[in-house]
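A short worksheet on the structure shown next.
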Amino acid sequence: MAAAMIQLDFAAVLVDWPLLLRGAALTLALTAVATVLGGALGIACARARTHGPTPARVLAAAYVELIRNTPFIVQLFFIFFGLPSLGVRLSSEAASVIAMTLNLGAYAAEIVRAGIEATPLGQLEAARSLALTERQVFLRVVLPPSLGRVWPALVSQVVIVMLGSAVCGQIAAQELSYSTNLIMSRNFRSFEANFVAAGLYLAMAVALRQALAWAGPRWLFGRSAPRGS
Amino acid sequence: MNLQRRSLFALALAAAVFAPASHAQSALDAIVAKKSVAIAIPTDFPPYGFVGTDMAPQGLDVDMARLIAARLGATVELVPVTSANRIPYLQTHKADLVISTLGKNPEREKVIDFTAAYSPFFQAVFAPRALAVKSPADLAGKTIGVTRGAIEDMELTKIAPGGADIKRFEDNNATVSAFVSGQVQVIATGASVAGNMMARNPQLGTEFKLLLKDSPNFIGVAKGDDKLRLKVNEIIAAAKASGEIDKLCVKWLGRPAGDLPN
C-alpha cells in the first residue's frame, strides 16, 4: 500500500539553517545594493524625463520602456549568458545586482516622475525667484517632497524587486531561493523547504518595508514632508 | 497549551490538505481503468528526451514510455519534467511513472521505488583540453557548472575538494549555457548532454576528464506501489529478452544496452 499521506518533517529542512541564513543574507545584500543604485538611477531618469534636454528624455524613456516591457528573468539571462559573447563576463552576483538595479531603476523612474510632476508650480516659481540654480531647485525644492509623496509606492517596488531576486538562483547566485532549491534537491522535502522559504521571504519583506518607512522621512525628505496618500 | 493544540490542529489540517485524496490502491488499477498512463519524461536531455523540430518530444525515454504504455494497454500522457522536479511530480502523483534518465541512489530510494534498469548511462567531468584535470584534487580553484539535484551534483559534491567553486544551475540548458559562454571552466554532466554539447561547439575543444559515476537508468514509481513496479518489471524483462531494449539503445545511443542491473 502506498503511503497514506505526506509526512511533514520540518527538521529535515531546518537542520540546514546555515545555508538558509547565508541565502537570506545574500538576498538582503543584493537588495540593499540594488536599492541604492536603482533608486539613484530612477531619480536620474525621472529628472531626465521631466527636466532634461530632448536626447536625454528619449534615452531615459527608451530605457524605461525596454525594462518595463520585458520579463526580469530574460533581462537576467541576457546579462549573464548573453553578455559573455560580447566579451563581458560577470559573476552570478554581479549579474544579479546589475539586473536588479536596472529593473528597479526603470520602475522607480516612473514612480519618482509622478512625484515630481505633482510639484505645485508656485513652489518652483518661489524657488527660482530666490535665484537658486536649476540644480539647487531640483535637489532641495523639488526632489525631497516628491520622494515623500511617492515613498510608499517606491518602498513597495523595492520589496517587489527583493522578492523577484528569487530567480537569481537560476544563474547560480546563492541567494535564498537557491538555498531552498538546493535543500529540496538533497532531501526532497519540497513542501517544507518552500514553506520555510516563504516564511523567511515574508519576514524579510515586512522588515524591509518597516526599515524603509522609518529611514525615508529621516534621511531623504524630512519628517514634516507630506506623505503620499 | 492552547497554542500547542492549535498548531497541532494546523499541522493536521495541512497534512490533510496535502494528502492525496485516496491512495490505498495501486496506480496500476487507475491506469487500467482509465486506459491512460501519465509518464514523466525529459525534454532537455538529448538523446534521451528532447523536442524535435516538429515540437513533439522524442528520444529513448520517450520511446520507452510509449513501449511501457502500449504493454499496459493504455494511451500515454507525456509529462515534461526537469531533473530538479521529476521526483516531486511522482510524489504528488502528477505522474504515474518517471522515465527520465533517473539514476538510483539511497537518498532517492527513501522517497520513491525503482524498477529494473532499462538503459545505460554515465556522468563525468568535462573541460577544455587546455585545462589540466587529472584527478578530483585538480578541481580546486576552478569553477564547475552542474545541474542542481542531478546525480552528477551528488557525486561531484562528494569528490570535489574544498577549493572547488561549484555553481549549480536549474536545468541542463542553463548548465550547458554557462559552460559554453565561459561562465564556468568545467562542466559535470551526463555523457549524452556532453556529447550533444561537444558536437555543437567544437571550437571549445571539450574533452572527457573524470568519471563520476556509471549509473544505468531506472524507472521511478511511487513509494510502496509494488503492484505497478512488478508489472513494469515484467514488461522490462520481456523487452530485454525480445531485443526491443537493445534496438532502442542502438537507435538512440549507437550501442546495445549491455549489462543492466535488475
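Chain identifiers are assigned as A, B, and so on, following the order in which chains appear in the C-alpha cells; residues are numbered from 1 within each chain, and ligands are numbered from 1 in order of appearance.
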
- For chain A against chain B, which residues fall within 9 Å using only C-alpha atoms, given as an MDAnalysis selection string? chainID A and resid 1:8 80:85 89:92 169:174 178 181:182 184:190

- Contacts of Gly115 in chain A at 10 Å (only C-alpha atoms; same-chain gap of 5+ positions) as an MDAnalysis selection string: chainID A and resid 46 109:110 142:151 228

- Message: With DSSP run on the backbone, what are the helix (DSSP H, G or I) residues within range 4-193 of chain B? I'd like them as a PyMOL selection string.
- Response: chain B and resi 4-18+27-34+60-71+86-91+106-109+136-139+151-159+172-180+191-193

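Within 8 Å of Tyr48 in chain B, once only C-alpha atoms are used and residues closer than 2 positions along the same chain are dropped, the contacting residues are Pro42, Phe45, Pro46, Phe50, Gln58, Gly59, Leu60, Asp61, Val62, Ser100, Thr101, Ser192 and Trp252 of chain B.
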
Can you spit out the residues from that selection as a CSV table (one decimal), in the first residue's frame, using C-alpha atoms?
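This is the output file selection-v2.csv:
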```csv
chain,number,residue,atom,x,y,z
B,42,PRO,CA,12.8,14.8,-20.0
B,45,PHE,CA,18.2,15.7,-22.4
B,46,PRO,CA,19.0,14.5,-25.8
B,50,PHE,CA,14.2,16.3,-26.4
B,58,GLN,CA,11.2,12.3,-28.8
B,59,GLY,CA,14.2,10.2,-27.6
B,60,LEU,CA,15.0,7.0,-25.9
B,61,ASP,CA,13.0,7.8,-22.8
B,62,VAL,CA,10.0,8.8,-24.9
B,100,SER,CA,13.6,10.4,-17.2
B,101,THR,CA,17.2,9.1,-17.1
B,192,SER,CA,24.7,12.4,-23.6
B,252,TRP,CA,19.4,6.5,-29.8
```

- Message: List as a VMD selection string the protein and nucleic acid residues near Val76 in chain B, meaning an atom at most 8 Å away when only C-alpha atoms are counted, but skip any in the same chain fewer than 4 places from it.
- Response: chain B and resid 36 to 39 65 to 66 69 to 70

For the residues in that selection, give me C-alpha atoms as a PDB file, in the first residue's frame.
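Printed below is again.pdb as written:
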```
ATOM      1  CA  SER B  36      -4.239   6.183 -19.751  1.00  0.00           C
ATOM      2  CA  VAL B  37      -0.891   6.489 -18.041  1.00  0.00           C
ATOM      3  CA  ALA B  38       0.942   9.736 -17.130  1.00  0.00           C
ATOM      4  CA  ILE B  39       4.688   9.291 -17.664  1.00  0.00           C
ATOM      5  CA  ALA B  65       7.393   5.479 -22.271  1.00  0.00           C
ATOM      6  CA  ARG B  66       5.392   4.559 -25.386  1.00  0.00           C
ATOM      7  CA  ALA B  69       2.178   2.346 -22.116  1.00  0.00           C
ATOM      8  CA  ALA B  70       1.448   0.023 -25.036  1.00  0.00           C
TER       9      ALA B  70
END
```

- Query: Near Ile187 in chain B, counting only C-alpha atoms, which residues have an atom at most 6 Å away, once you skip same-chain residues fewer than 2 positions from it, shown as number ranges by chain?
  - Reply: B: 125-126, 144-145

Could you save those same residues with N, CA and C atoms as a PDB file, in the first residue's frame?
```
ATOM      1  N   VAL B 125      33.075  14.472 -15.625  1.00  0.00           N
ATOM      2  CA  VAL B 125      33.532  15.863 -15.638  1.00  0.00           C
ATOM      3  C   VAL B 125      34.186  16.126 -16.986  1.00  0.00           C
ATOM      4  N   PHE B 126      33.799  17.214 -17.644  1.00  0.00           N
ATOM      5  CA  PHE B 126      34.351  17.582 -18.945  1.00  0.00           C
ATOM      6  C   PHE B 126      34.938  18.983 -18.860  1.00  0.00           C
ATOM      7  N   ILE B 144      32.990  25.094 -11.515  1.00  0.00           N
ATOM      8  CA  ILE B 144      32.410  23.913 -12.143  1.00  0.00           C
ATOM      9  C   ILE B 144      30.900  24.095 -12.200  1.00  0.00           C
ATOM     10  N   GLY B 145      30.336  23.948 -13.381  1.00  0.00           N
ATOM     11  CA  GLY B 145      28.887  24.042 -13.540  1.00  0.00           C
ATOM     12  C   GLY B 145      28.257  22.670 -13.465  1.00  0.00           C
TER      13      GLY B 145
END
```

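Across the model, the gap from CA of Tyr118 in chain B to CA of Ile219 in chain B is 7.5 Å.
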
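What separates CA of Ala34 in chain A from CA of Ala61 in chain A is a distance of 20.3 Å.
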
- Message: Quick check, in Å to one decimal: how far apart do CA of Val186 in chain B and CA of Ala127 in chain B lie?
- Response: 4.8 Å

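Residues lying within 10 Å of Ala124 in chain B, counting only C-alpha atoms and ignoring same-chain neighbours fewer than 6 positions away, are Glu152, Glu155, Leu156, Ile187, Ala188, Thr189, Gly190, Ala191, Ala194, Phe208, Lys209, Leu210, Leu211, Leu212, Lys213 and Asp214 of chain B.
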
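Every protein, DNA or RNA residue with an atom at most 10 Å from Val79 in chain B, where only C-alpha atoms count and chain neighbours fewer than 3 positions away do not, is listed here: B:Ala38, B:Ile39, B:Ala40, B:Ile41, B:Pro42, B:Thr43, B:Pro57, B:Val76, B:Arg86, B:Tyr89, B:Lys94, B:Ala95, B:Asp96, B:Leu97, B:Val98, B:Ile99.
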
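Distance check against Ala32 in chain A using only C-alpha atoms: of A:Ala166, A:Val158, A:Ala193, A:Glu175, the minimum falls on A:Val158.
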
Could I get the residues of range 78-187 of chain A with an atom no further than 10 Å from an atom of range 206-212 of chain A, each paired with its nearest atom pair and that distance in Å to one decimal, using only C-alpha atoms, sorted by chain and residue number, as a Markdown table?
```
| residue | atom | partner | partner_atom | distance |
| --- | --- | --- | --- | --- |
| A:Trp151 | CA | A:Leu212 | CA | 8.9 |
| A:Pro152 | CA | A:Arg209 | CA | 8.8 |
| A:Leu154 | CA | A:Leu212 | CA | 9.5 |
| A:Val155 | CA | A:Arg209 | CA | 6.3 |
| A:Ser156 | CA | A:Arg209 | CA | 7.4 |
| A:Val158 | CA | A:Arg209 | CA | 8.5 |
| A:Val159 | CA | A:Arg209 | CA | 7.0 |
| A:Met162 | CA | A:Leu208 | CA | 9.2 |
```

Would you mind exporting the chosen residues as a short mmCIF file (atom, residue, chain, number, x, y, z; two decimals), in the first residue's frame, restricted to C-alpha atoms?
```cif
data_model
loop_
_atom_site.label_atom_id
_atom_site.label_comp_id
_atom_site.auth_asym_id
_atom_site.auth_seq_id
_atom_site.Cartn_x
_atom_site.Cartn_y
_atom_site.Cartn_z
CA TRP A 151 7.59 56.91 -0.84
CA PRO A 152 5.05 54.14 -0.13
CA LEU A 154 8.72 53.28 -4.05
CA VAL A 155 9.08 51.06 -0.97
CA SER A 156 6.62 48.57 -2.48
CA VAL A 158 11.85 47.72 -3.64
CA VAL A 159 10.02 44.85 -1.92
CA MET A 162 13.66 41.75 -3.44
#
```

- Name the residues of range 200-250 of chain B that come out as strand (DSSP E or B) in a backbone DSSP run; write them as an NGL selection string. :B and (206-214 or 217-222)

Take the residues from that selection and write them out as a compact mmCIF listing (two decimals), in the first residue's frame, keeping N, CA and C atoms.
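Dumped everything to result-v4.txt:
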```txt
# COMPACT_ATOMS: atom_id res chain seq x y z
N THR B 206 36.32 20.62 -25.98
CA THR B 206 35.97 19.95 -24.73
C THR B 206 36.33 18.47 -24.78
N GLU B 207 36.83 17.94 -23.69
CA GLU B 207 37.10 16.50 -23.64
C GLU B 207 36.71 15.92 -22.28
N PHE B 208 36.57 14.59 -22.26
CA PHE B 208 36.25 13.84 -21.05
C PHE B 208 37.43 13.94 -20.08
N LYS B 209 37.14 14.23 -18.77
CA LYS B 209 38.23 14.34 -17.80
C LYS B 209 38.14 13.26 -16.73
N LEU B 210 37.06 13.23 -15.97
CA LEU B 210 36.96 12.29 -14.85
C LEU B 210 35.60 11.59 -14.87
N LEU B 211 35.60 10.28 -14.61
CA LEU B 211 34.32 9.56 -14.49
C LEU B 211 33.75 9.83 -13.10
N LEU B 212 32.49 10.25 -13.05
CA LEU B 212 31.86 10.47 -11.74
C LEU B 212 31.09 9.23 -11.32
N LYS B 213 30.31 8.69 -12.22
CA LYS B 213 29.51 7.51 -11.85
C LYS B 213 28.94 6.83 -13.08
N ASP B 214 29.03 5.51 -13.04
CA ASP B 214 28.32 4.69 -14.01
C ASP B 214 26.94 4.51 -13.41
N ASN B 217 19.92 3.81 -16.04
CA ASN B 217 18.65 4.48 -15.76
C ASN B 217 17.59 3.49 -15.29
N PHE B 218 16.82 3.91 -14.32
CA PHE B 218 15.73 3.11 -13.78
C PHE B 218 14.42 3.88 -13.97
N ILE B 219 13.32 3.14 -13.88
CA ILE B 219 12.02 3.81 -13.93
C ILE B 219 11.54 4.01 -12.49
N GLY B 220 11.12 5.23 -12.17
CA GLY B 220 10.65 5.53 -10.82
C GLY B 220 9.15 5.29 -10.69
N VAL B 221 8.76 4.66 -9.57
CA VAL B 221 7.32 4.52 -9.25
C VAL B 221 7.11 5.05 -7.84
N ALA B 222 5.86 5.35 -7.51
CA ALA B 222 5.57 5.90 -6.18
C ALA B 222 6.00 4.91 -5.11
```

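Using only C-alpha atoms for every distance, the candidate list B:Gln185, B:Ser215, B:Thr157, B:Asn172 yields B:Asn172 as the residue closest to Met197 in chain B.
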